[in-house]
Structures are given as structure tokens and as C-alpha cells.
Amino acid sequence: MIVRKSSREIEKMKKANKIVAEAHEMLRDKAAPGVSTAELDEAAEEFIKGRGGEPSFKGYKGYPASVCLSIDNEVVHGIPDQNRILKEGNILSIDIGVYYQGFHGDAARTIPIGQVDNEKEKLIDTVKRALDNGIDKARAGNRLTDISAAVQKTAEEAGFSVVRQYVGHGIGREMHEEPQIPNFGPPGEGPKLKEGMTLAIEPMINVGEYEVETLEDDWTVVTSDGSLSAHWEDSIALTDSDPLIMSRP
């Protein structure tokens with residue numbers, strides 16, 4: 001069942017997402033060649049708890065860290081480790097969830113580590129635009145897959161593929177709520193969007209084919225062909241006009 005939120009609940013969700021946005025800014029400043037992903041995870045947990053929140057991901061279905069940090073061909077759910085050191089030219093996908101005063105916030109960003117090549121710049125730019133174009137379709141009266149179709153069109157017009165196996169989701173008192181939000185498919189299908197819906201829209205796009213697989217750690221998802229991948233996500237609320245993006249500064 002899709003749960004619509006009251007204006008009071010959305011105000012609480014904005015607070016959780018404000019911590020998410022600030023944590024992203026902090027990690028962006030810290031992420032550099034020579035830094036381990038474990039250092040970033042520790043910094044994120046300290047930051048989130050220092051603002052009165054809890055990392056949504058830690059312990060979720062056994063996930064062992066506070067944030068997900070995925071490098072280059074890792075799509076999502078990369079586990080931070082002291083031996084995973086960032087290098088010049090990497091791209092790093094950072095996924096952060098925060099639980100605060102009864103509600104979750106969630107957002108992901110893919111950032112360059114130092115200088116990156118043109119292909120990586122294009123990939124990051126495209127996944128950002130795909131999200132923005134998807135969010136623009138998140139309006140009361142539209143259908144759910146209007147979001148999906150906008151994401152897919154943006155990615156494929158740029159020459160990239162859209163991951164099928166992982167999707168966006170509703171968010172609120174639970175980190176994952178209905179509905180699931182695919183990043184592909186024809187427009188005009190699925191439930192009608194209504195004011196008060198709160199959604200986490202999250203395109204994941206690959207340079208190569210869209211197929212992915214999970215590593216032996218049972219968490220890290222990588223592209224099957226070893227190609228680069230990028231991930232961008234925001235938590236939004238549907239209003240009587242433009243979508244409210246809660247997880248941006």
C-alpha cells in the first residue's frame with residue numbers, strides 16, 4: 001500500500017534529509033586519492049550521530065557499514081573497508097541513509113576522485129540529468145512510469161544503459177516503502193501519482209550492458225561486463241505544484 005504523508009510528516013522527513021545532504025557535502029570534501037573507504041564510513045557515522053540521527057543502512061538485513069561506497073564498476077552496496085583505497089581517476093558512488101525522529105532520508109551521489117576522463121564526466125552528468133528529468137515527471141496526476149520512461153530516455157540517448165535489477169522506492173517511516181520505481185519502461189503505466197507521496201528516485205546507469213551481478217560478499221553489485229556505473233538518488237515529496245526535493249542543500 002502506498003502511504004501518503006501529511007505536511008507535518010513531510011516536514012520531519014525534510015529534517016532527516018537535511019542530515020543526508022550535509023553528510024554528502026562532508027564526504028565529498030574528504031574523498032580524495034589515498035583515503036580509504038573505511039575512513040569515509042567512520043566519518044559519516046560520526047557526523048550522522050552527531051546530529052542526532054542514526055545510519056539507516058547499518059544492520060539493515062545484516063549490512064555491516066553506515067554508508068554504501070561503490071567504486072568504478074560497482075553499481076551499488078559497496079562495503080567500506082580499510083584496504084579499499086581511493087585512487088586518482090576513480091569515480092565513487094556514495095549512498096547515505098539517515099533515520100531521524102521517526103523518518104528516513106536517502107540520497108546517493110557519484111563523484112570524481114581527482115581528475116577523471118571525459119567518459120566518466122559524461123556518465124556522471126548523464127545520471128544527474130536522468131534523475132532530474134525523472135523528478136520533473138513526479139507530479140500529481142502523472143503515472144508512476146512517466147518517471148521511469150524519462151530516466152531511461154535520458155540515459156539511452158547518451159549511449160548508456162539502465163540497470164533493471166535495482167529500482168527506486170517509496171520512503172518514510174520505513175526506508176523502503178511502496179511503490180517500487182523502475183528506471184525503465186514505457187510511460188503512462190502504474191499507479192497515479194498523488195500529492196503527499198514521498199519517493200526515493202535513483203537511476204543507476206552503466207557504460208556497457210545493463211546486466212549486473214553480486215559479489216561473494218553478498219552485497220557489492222557490479223556490472224557483469226566490468227564497465228563503469230554511476231548512481232544518483234534524491235528523496236522527494238509530491239506537492240500541488242513542483243516536486244519538493246528534500247535531500248538537496
# chains A, B, ... in the order shown; residues from 1 in each chain; ligands from 1
call {"tool": "residues_around", "arguments": {"residues": "His169 in chain A", "least_positions_apart": "3", "cutoff": "6 Å", "atoms": "only C-alpha atoms", "output": "MDAnalysis selection string"}}
result
chainID A and resid 176 179:181 199:200
call {"tool": "write_last_selection", "arguments": {"atoms": "C-alpha atoms", "output": "CSV table (one decimal), in the first residue's frame"}}
result
chain,number,residue,atom,x,y,z
A,176,HIS,CA,11.8,1.0,1.7
A,179,PRO,CA,5.8,1.8,-4.7
A,180,GLN,CA,8.8,0.4,-6.4
A,181,ILE,CA,10.1,2.8,-9.1
A,199,LEU,CA,9.7,8.8,-3.2
A,200,ALA,CA,13.3,7.9,-3.5
call {"tool": "select_by_dssp", "arguments": {"residues": "range 6-241 of chain A", "states": "helix (DSSP H, G or I)", "output": "ChimeraX atom specification"}}
result
/A:7-30,37-50,60-62,118-136,144-157
call {"tool": "closest_residue", "arguments": {"among": "A:Pro80, A:Pro182, A:Gly196, A:Pro249", "to": "Val67 in chain A", "atoms": "only C-alpha atoms"}}
result
A:Pro80
call {"tool": "residues_around", "arguments": {"residues": "Ser227 in chain A", "least_positions_apart": "2", "cutoff": "8 Å", "atoms": "only C-alpha atoms", "output": "ChimeraX atom specification"}}
result
/A:72-73,206-209,223-225,229
call {"tool": "residues_around", "arguments": {"residues": "Ile111 in chain A", "least_positions_apart": "6", "cutoff": "8 Å", "atoms": "only C-alpha atoms", "output": "MDAnalysis selection string"}}
result
chainID A and resid 28 91:94 124
call {"tool": "write_last_selection", "arguments": {"atoms": "N, CA and C atoms", "output": "tab-separated table (two decimals), in the first residue's frame"}}
result
chain	number	residue	atom	x	y	z
A	28	ARG	N	32.10	14.46	0.36
A	28	ARG	CA	32.68	14.96	-0.89
A	28	ARG	C	34.00	15.68	-0.61
A	91	ILE	N	35.78	6.92	-9.96
A	91	ILE	CA	34.50	7.56	-9.61
A	91	ILE	C	33.94	6.78	-8.42
A	92	LEU	N	33.34	7.51	-7.49
A	92	LEU	CA	32.86	6.93	-6.24
A	92	LEU	C	31.38	7.24	-6.07
A	93	SER	N	30.57	6.20	-5.97
A	93	SER	CA	29.15	6.38	-5.66
A	93	SER	C	28.95	6.27	-4.15
A	94	ILE	N	28.36	7.31	-3.57
A	94	ILE	CA	28.13	7.39	-2.13
A	94	ILE	C	26.63	7.37	-1.89
A	124	ILE	N	28.68	10.71	-15.22
A	124	ILE	CA	28.16	11.39	-14.03
A	124	ILE	C	27.13	12.45	-14.41
call {"tool": "atom_distance", "arguments": {"atom1": "CA of Ala140 in chain A", "atom2": "CA of Glu189 in chain A"}}
result
14.0 Å
call {"tool": "closest_residue", "arguments": {"among": "A:Ala38, A:Cys68, A:Ala31, A:Leu144", "to": "Leu238 in chain A", "atoms": "only C-alpha atoms"}}
result
A:Leu144
call {"tool": "atom_distance", "arguments": {"atom1": "CA of Glu178 in chain A", "atom2": "CA of Val151 in chain A"}}
result
19.1 Å
call {"tool": "closest_atom_pairs", "arguments": {"of": "range 30-83 of chain A", "to": "range 15-22 of chain A", "cutoff": "9 Å", "atoms": "only C-alpha atoms", "output": "JSON lines"}}
result
{"residue": "A:Phe47", "atom": "CA", "partner": "A:Ile19", "partner_atom": "CA", "distance": 8.6}
{"residue": "A:Ile48", "atom": "CA", "partner": "A:Ile19", "partner_atom": "CA", "distance": 6.7}
{"residue": "A:Arg51", "atom": "CA", "partner": "A:Ile19", "partner_atom": "CA", "distance": 7.2}
{"residue": "A:Gly53", "atom": "CA", "partner": "A:Ala16", "partner_atom": "CA", "distance": 7.5}
call {"tool": "write_last_selection", "arguments": {"atoms": "C-alpha atoms", "output": "tab-separated table (two decimals), in the first residue's frame"}}
result
chain	number	residue	atom	x	y	z
A	47	PHE	CA	28.62	13.00	11.50
A	48	ILE	CA	25.13	11.45	11.40
A	51	ARG	CA	23.31	15.47	14.52
A	53	GLY	CA	20.39	10.65	13.65
call {"tool": "closest_residue", "arguments": {"among": "A:Val167, A:Met26, A:Ile236, A:Ile135", "to": "Arg248 in chain A", "atoms": "only C-alpha atoms"}}
result
A:Ile236
call {"tool": "atom_distance", "arguments": {"atom1": "CA of Val98 in chain A", "atom2": "CA of Leu193 in chain A"}}
result
25.0 Å
call {"tool": "closest_residue", "arguments": {"among": "A:Leu69, A:Ala108, A:Leu123, A:Met246", "to": "Thr37 in chain A", "atoms": "only C-alpha atoms"}}
result
A:Leu69
call {"tool": "select_by_dssp", "arguments": {"residues": "range 31-249 of chain A", "states": "strand (DSSP E)", "output": "PDB file with N, CA and C atoms, in the first residue's frame"}}
result
ATOM      1  N   GLU A  54      20.600   8.323  13.084  1.00  0.00           N
ATOM      2  CA  GLU A  54      21.214   7.005  13.027  1.00  0.00           C
ATOM      3  C   GLU A  54      21.371   6.624  11.557  1.00  0.00           C
ATOM      4  N   PRO A  55      22.456   5.944  11.213  1.00  0.00           N
ATOM      5  CA  PRO A  55      22.600   5.476   9.830  1.00  0.00           C
ATOM      6  C   PRO A  55      21.520   4.437   9.506  1.00  0.00           C
ATOM      7  N   CYS A  68      27.035   3.162   1.886  1.00  0.00           N
ATOM      8  CA  CYS A  68      27.482   2.323   0.771  1.00  0.00           C
ATOM      9  C   CYS A  68      28.431   3.137  -0.088  1.00  0.00           C
ATOM     10  N   LEU A  69      29.609   2.566  -0.394  1.00  0.00           N
ATOM     11  CA  LEU A  69      30.634   3.259  -1.164  1.00  0.00           C
ATOM     12  C   LEU A  69      31.070   2.339  -2.299  1.00  0.00           C
ATOM     13  N   SER A  70      30.714   2.708  -3.521  1.00  0.00           N
ATOM     14  CA  SER A  70      30.898   1.847  -4.686  1.00  0.00           C
ATOM     15  C   SER A  70      31.823   2.526  -5.694  1.00  0.00           C
ATOM     16  N   ILE A  71      32.864   1.830  -6.115  1.00  0.00           N
ATOM     17  CA  ILE A  71      33.929   2.410  -6.938  1.00  0.00           C
ATOM     18  C   ILE A  71      33.870   1.864  -8.367  1.00  0.00           C
ATOM     19  N   GLU A  74      31.441  -0.847  -9.672  1.00  0.00           N
ATOM     20  CA  GLU A  74      30.499  -1.249  -8.635  1.00  0.00           C
ATOM     21  C   GLU A  74      29.250  -0.374  -8.743  1.00  0.00           C
ATOM     22  N   VAL A  75      28.115  -1.013  -8.854  1.00  0.00           N
ATOM     23  CA  VAL A  75      26.867  -0.287  -9.101  1.00  0.00           C
ATOM     24  C   VAL A  75      26.310   0.297  -7.803  1.00  0.00           C
ATOM     25  N   VAL A  76      26.101  -0.578  -6.817  1.00  0.00           N
ATOM     26  CA  VAL A  76      25.565  -0.184  -5.506  1.00  0.00           C
ATOM     27  C   VAL A  76      26.075  -1.148  -4.441  1.00  0.00           C
ATOM     28  N   ILE A  91      35.775   6.918  -9.964  1.00  0.00           N
ATOM     29  CA  ILE A  91      34.501   7.557  -9.611  1.00  0.00           C
ATOM     30  C   ILE A  91      33.938   6.782  -8.420  1.00  0.00           C
ATOM     31  N   LEU A  92      33.344   7.507  -7.492  1.00  0.00           N
ATOM     32  CA  LEU A  92      32.860   6.925  -6.243  1.00  0.00           C
ATOM     33  C   LEU A  92      31.381   7.244  -6.067  1.00  0.00           C
ATOM     34  N   SER A  93      30.567   6.205  -5.966  1.00  0.00           N
ATOM     35  CA  SER A  93      29.148   6.383  -5.657  1.00  0.00           C
ATOM     36  C   SER A  93      28.950   6.274  -4.148  1.00  0.00           C
ATOM     37  N   ILE A  94      28.363   7.310  -3.571  1.00  0.00           N
ATOM     38  CA  ILE A  94      28.131   7.391  -2.131  1.00  0.00           C
ATOM     39  C   ILE A  94      26.632   7.366  -1.895  1.00  0.00           C
ATOM     40  N   ASP A  95      26.162   6.375  -1.155  1.00  0.00           N
ATOM     41  CA  ASP A  95      24.739   6.248  -0.843  1.00  0.00           C
ATOM     42  C   ASP A  95      24.587   6.364   0.676  1.00  0.00           C
ATOM     43  N   ILE A  96      23.771   7.339   1.114  1.00  0.00           N
ATOM     44  CA  ILE A  96      23.621   7.631   2.538  1.00  0.00           C
ATOM     45  C   ILE A  96      22.145   7.595   2.915  1.00  0.00           C
ATOM     46  N   GLY A  97      21.839   6.884   3.997  1.00  0.00           N
ATOM     47  CA  GLY A  97      20.502   6.900   4.572  1.00  0.00           C
ATOM     48  C   GLY A  97      20.588   7.338   6.027  1.00  0.00           C
ATOM     49  N   VAL A  98      19.613   8.118   6.468  1.00  0.00           N
ATOM     50  CA  VAL A  98      19.580   8.610   7.846  1.00  0.00           C
ATOM     51  C   VAL A  98      18.176   8.419   8.421  1.00  0.00           C
ATOM     52  N   TYR A  99      18.128   7.898   9.631  1.00  0.00           N
ATOM     53  CA  TYR A  99      16.878   7.777  10.382  1.00  0.00           C
ATOM     54  C   TYR A  99      16.888   8.842  11.470  1.00  0.00           C
ATOM     55  N   TYR A 100      15.868   9.703  11.458  1.00  0.00           N
ATOM     56  CA  TYR A 100      15.841  10.825  12.406  1.00  0.00           C
ATOM     57  C   TYR A 100      14.403  11.113  12.803  1.00  0.00           C
ATOM     58  N   PHE A 103      11.653   9.077  10.932  1.00  0.00           N
ATOM     59  CA  PHE A 103      11.576   9.046   9.466  1.00  0.00           C
ATOM     60  C   PHE A 103      12.962   8.872   8.852  1.00  0.00           C
ATOM     61  N   HIS A 104      12.961   8.325   7.636  1.00  0.00           N
ATOM     62  CA  HIS A 104      14.199   8.100   6.906  1.00  0.00           C
ATOM     63  C   HIS A 104      14.403   9.152   5.818  1.00  0.00           C
ATOM     64  N   GLY A 105      15.692   9.465   5.582  1.00  0.00           N
ATOM     65  CA  GLY A 105      16.109  10.227   4.413  1.00  0.00           C
ATOM     66  C   GLY A 105      17.100   9.381   3.640  1.00  0.00           C
ATOM     67  N   ASP A 106      17.207   9.617   2.326  1.00  0.00           N
ATOM     68  CA  ASP A 106      18.048   8.745   1.496  1.00  0.00           C
ATOM     69  C   ASP A 106      18.465   9.498   0.247  1.00  0.00           C
ATOM     70  N   ALA A 107      19.748   9.459  -0.062  1.00  0.00           N
ATOM     71  CA  ALA A 107      20.241  10.075  -1.295  1.00  0.00           C
ATOM     72  C   ALA A 107      21.578   9.462  -1.677  1.00  0.00           C
ATOM     73  N   ALA A 108      21.868   9.453  -2.966  1.00  0.00           N
ATOM     74  CA  ALA A 108      23.149   8.958  -3.479  1.00  0.00           C
ATOM     75  C   ALA A 108      23.736   9.971  -4.453  1.00  0.00           C
ATOM     76  N   ARG A 109      25.044   9.989  -4.507  1.00  0.00           N
ATOM     77  CA  ARG A 109      25.785  10.842  -5.432  1.00  0.00           C
ATOM     78  C   ARG A 109      26.967  10.046  -5.996  1.00  0.00           C
ATOM     79  N   THR A 110      27.330  10.295  -7.243  1.00  0.00           N
ATOM     80  CA  THR A 110      28.574   9.760  -7.803  1.00  0.00           C
ATOM     81  C   THR A 110      29.511  10.925  -8.052  1.00  0.00           C
ATOM     82  N   ILE A 111      30.712  10.838  -7.492  1.00  0.00           N
ATOM     83  CA  ILE A 111      31.653  11.956  -7.558  1.00  0.00           C
ATOM     84  C   ILE A 111      32.980  11.501  -8.168  1.00  0.00           C
ATOM     85  N   PRO A 112      33.696  12.422  -8.805  1.00  0.00           N
ATOM     86  CA  PRO A 112      35.033  12.086  -9.311  1.00  0.00           C
ATOM     87  C   PRO A 112      36.062  12.168  -8.192  1.00  0.00           C
ATOM     88  N   SER A 161      23.283   2.439 -20.629  1.00  0.00           N
ATOM     89  CA  SER A 161      22.195   1.507 -20.337  1.00  0.00           C
ATOM     90  C   SER A 161      21.699   1.720 -18.917  1.00  0.00           C
ATOM     91  N   VAL A 162      20.476   1.282 -18.656  1.00  0.00           N
ATOM     92  CA  VAL A 162      19.832   1.462 -17.360  1.00  0.00           C
ATOM     93  C   VAL A 162      19.730   0.117 -16.651  1.00  0.00           C
ATOM     94  N   GLY A 168      14.111   2.333  -7.652  1.00  0.00           N
ATOM     95  CA  GLY A 168      13.802   3.277  -6.594  1.00  0.00           C
ATOM     96  C   GLY A 168      12.612   2.787  -5.772  1.00  0.00           C
ATOM     97  N   HIS A 169      12.159   3.607  -4.813  1.00  0.00           N
ATOM     98  CA  HIS A 169      11.183   3.120  -3.844  1.00  0.00           C
ATOM     99  C   HIS A 169      10.517   4.275  -3.119  1.00  0.00           C
ATOM    100  N   GLY A 170       9.381   3.965  -2.518  1.00  0.00           N
ATOM    101  CA  GLY A 170       8.802   4.903  -1.569  1.00  0.00           C
ATOM    102  C   GLY A 170       9.657   4.963  -0.315  1.00  0.00           C
ATOM    103  N   GLU A 177       9.493   1.641   1.137  1.00  0.00           N
ATOM    104  CA  GLU A 177       8.043   1.546   1.125  1.00  0.00           C
ATOM    105  C   GLU A 177       7.573   1.371  -0.319  1.00  0.00           C
ATOM    106  N   GLU A 178       6.294   1.086  -0.475  1.00  0.00           N
ATOM    107  CA  GLU A 178       5.696   1.087  -1.811  1.00  0.00           C
ATOM    108  C   GLU A 178       5.567   2.528  -2.292  1.00  0.00           C
ATOM    109  N   PRO A 179       5.675   2.788  -3.591  1.00  0.00           N
ATOM    110  CA  PRO A 179       5.816   1.818  -4.672  1.00  0.00           C
ATOM    111  C   PRO A 179       7.277   1.599  -5.055  1.00  0.00           C
ATOM    112  N   GLN A 180       7.557   0.514  -5.752  1.00  0.00           N
ATOM    113  CA  GLN A 180       8.845   0.380  -6.421  1.00  0.00           C
ATOM    114  C   GLN A 180       8.834   1.264  -7.663  1.00  0.00           C
ATOM    115  N   ILE A 181       9.999   1.854  -7.957  1.00  0.00           N
ATOM    116  CA  ILE A 181      10.078   2.816  -9.071  1.00  0.00           C
ATOM    117  C   ILE A 181      11.156   2.355 -10.043  1.00  0.00           C
ATOM    118  N   THR A 198       5.849  10.264  -1.049  1.00  0.00           N
ATOM    119  CA  THR A 198       7.275  10.543  -0.844  1.00  0.00           C
ATOM    120  C   THR A 198       8.069   9.404  -1.462  1.00  0.00           C
ATOM    121  N   LEU A 199       8.977   9.762  -2.354  1.00  0.00           N
ATOM    122  CA  LEU A 199       9.658   8.792  -3.205  1.00  0.00           C
ATOM    123  C   LEU A 199      11.166   8.995  -3.176  1.00  0.00           C
ATOM    124  N   ALA A 200      11.900   7.894  -3.264  1.00  0.00           N
ATOM    125  CA  ALA A 200      13.350   7.939  -3.478  1.00  0.00           C
ATOM    126  C   ALA A 200      13.607   7.444  -4.897  1.00  0.00           C
ATOM    127  N   ILE A 201      13.898   8.365  -5.776  1.00  0.00           N
ATOM    128  CA  ILE A 201      14.137   8.045  -7.191  1.00  0.00           C
ATOM    129  C   ILE A 201      15.638   7.904  -7.381  1.00  0.00           C
ATOM    130  N   MET A 204      20.438   4.176 -11.849  1.00  0.00           N
ATOM    131  CA  MET A 204      21.743   3.516 -11.880  1.00  0.00           C
ATOM    132  C   MET A 204      22.017   3.215 -13.349  1.00  0.00           C
ATOM    133  N   ILE A 205      23.057   3.781 -13.919  1.00  0.00           N
ATOM    134  CA  ILE A 205      23.302   3.600 -15.343  1.00  0.00           C
ATOM    135  C   ILE A 205      24.729   3.122 -15.578  1.00  0.00           C
ATOM    136  N   ASN A 206      24.881   2.334 -16.640  1.00  0.00           N
ATOM    137  CA  ASN A 206      26.163   1.715 -16.968  1.00  0.00           C
ATOM    138  C   ASN A 206      26.668   2.189 -18.323  1.00  0.00           C
ATOM    139  N   VAL A 212      23.878  -6.968 -14.242  1.00  0.00           N
ATOM    140  CA  VAL A 212      24.715  -6.825 -13.051  1.00  0.00           C
ATOM    141  C   VAL A 212      24.787  -8.167 -12.329  1.00  0.00           C
ATOM    142  N   GLU A 213      25.737  -8.275 -11.398  1.00  0.00           N
ATOM    143  CA  GLU A 213      25.854  -9.475 -10.568  1.00  0.00           C
ATOM    144  C   GLU A 213      26.353  -9.077  -9.190  1.00  0.00           C
ATOM    145  N   THR A 214      26.136  -9.952  -8.228  1.00  0.00           N
ATOM    146  CA  THR A 214      26.532  -9.681  -6.847  1.00  0.00           C
ATOM    147  C   THR A 214      27.774 -10.483  -6.496  1.00  0.00           C
ATOM    148  N   VAL A 221      27.265  -5.014  -5.682  1.00  0.00           N
ATOM    149  CA  VAL A 221      26.716  -5.279  -7.012  1.00  0.00           C
ATOM    150  C   VAL A 221      27.633  -4.620  -8.045  1.00  0.00           C
ATOM    151  N   VAL A 222      28.065  -5.397  -9.042  1.00  0.00           N
ATOM    152  CA  VAL A 222      28.968  -4.896 -10.078  1.00  0.00           C
ATOM    153  C   VAL A 222      28.347  -5.112 -11.453  1.00  0.00           C
ATOM    154  N   THR A 223      28.834  -4.380 -12.438  1.00  0.00           N
ATOM    155  CA  THR A 223      28.406  -4.621 -13.811  1.00  0.00           C
ATOM    156  C   THR A 223      28.960  -5.964 -14.276  1.00  0.00           C
ATOM    157  N   SER A 229      29.875   2.308 -13.815  1.00  0.00           N
ATOM    158  CA  SER A 229      28.490   2.550 -13.431  1.00  0.00           C
ATOM    159  C   SER A 229      28.405   3.793 -12.555  1.00  0.00           C
ATOM    160  N   ALA A 230      27.273   4.478 -12.595  1.00  0.00           N
ATOM    161  CA  ALA A 230      27.050   5.659 -11.759  1.00  0.00           C
ATOM    162  C   ALA A 230      25.636   5.631 -11.194  1.00  0.00           C
ATOM    163  N   HIS A 231      25.461   6.248 -10.039  1.00  0.00           N
ATOM    164  CA  HIS A 231      24.224   6.179  -9.251  1.00  0.00           C
ATOM    165  C   HIS A 231      23.940   7.577  -8.701  1.00  0.00           C
ATOM    166  N   ASP A 234      17.672  11.022  -5.079  1.00  0.00           N
ATOM    167  CA  ASP A 234      17.127  12.028  -4.175  1.00  0.00           C
ATOM    168  C   ASP A 234      15.807  11.550  -3.605  1.00  0.00           C
ATOM    169  N   SER A 235      15.504  11.997  -2.397  1.00  0.00           N
ATOM    170  CA  SER A 235      14.201  11.781  -1.778  1.00  0.00           C
ATOM    171  C   SER A 235      13.338  13.008  -2.037  1.00  0.00           C
ATOM    172  N   ILE A 236      12.143  12.783  -2.550  1.00  0.00           N
ATOM    173  CA  ILE A 236      11.259  13.891  -2.922  1.00  0.00           C
ATOM    174  C   ILE A 236       9.877  13.702  -2.309  1.00  0.00           C
ATOM    175  N   ALA A 237       9.135  14.796  -2.259  1.00  0.00           N
ATOM    176  CA  ALA A 237       7.723  14.761  -1.862  1.00  0.00           C
ATOM    177  C   ALA A 237       6.906  15.408  -2.967  1.00  0.00           C
ATOM    178  N   LEU A 244       9.034  18.541  -4.419  1.00  0.00           N
ATOM    179  CA  LEU A 244       9.910  19.072  -3.385  1.00  0.00           C
ATOM    180  C   LEU A 244      11.091  18.110  -3.222  1.00  0.00           C
ATOM    181  N   ILE A 245      12.296  18.559  -3.549  1.00  0.00           N
ATOM    182  CA  ILE A 245      13.480  17.719  -3.401  1.00  0.00           C
ATOM    183  C   ILE A 245      14.020  17.936  -1.993  1.00  0.00           C
TER     184      ILE A 245
END
call {"tool": "closest_residue", "arguments": {"among": "A:Glu121, A:Asp240, A:Glu174, A:Glu42", "to": "Met13 in chain A", "atoms": "only C-alpha atoms"}}
result
A:Glu174
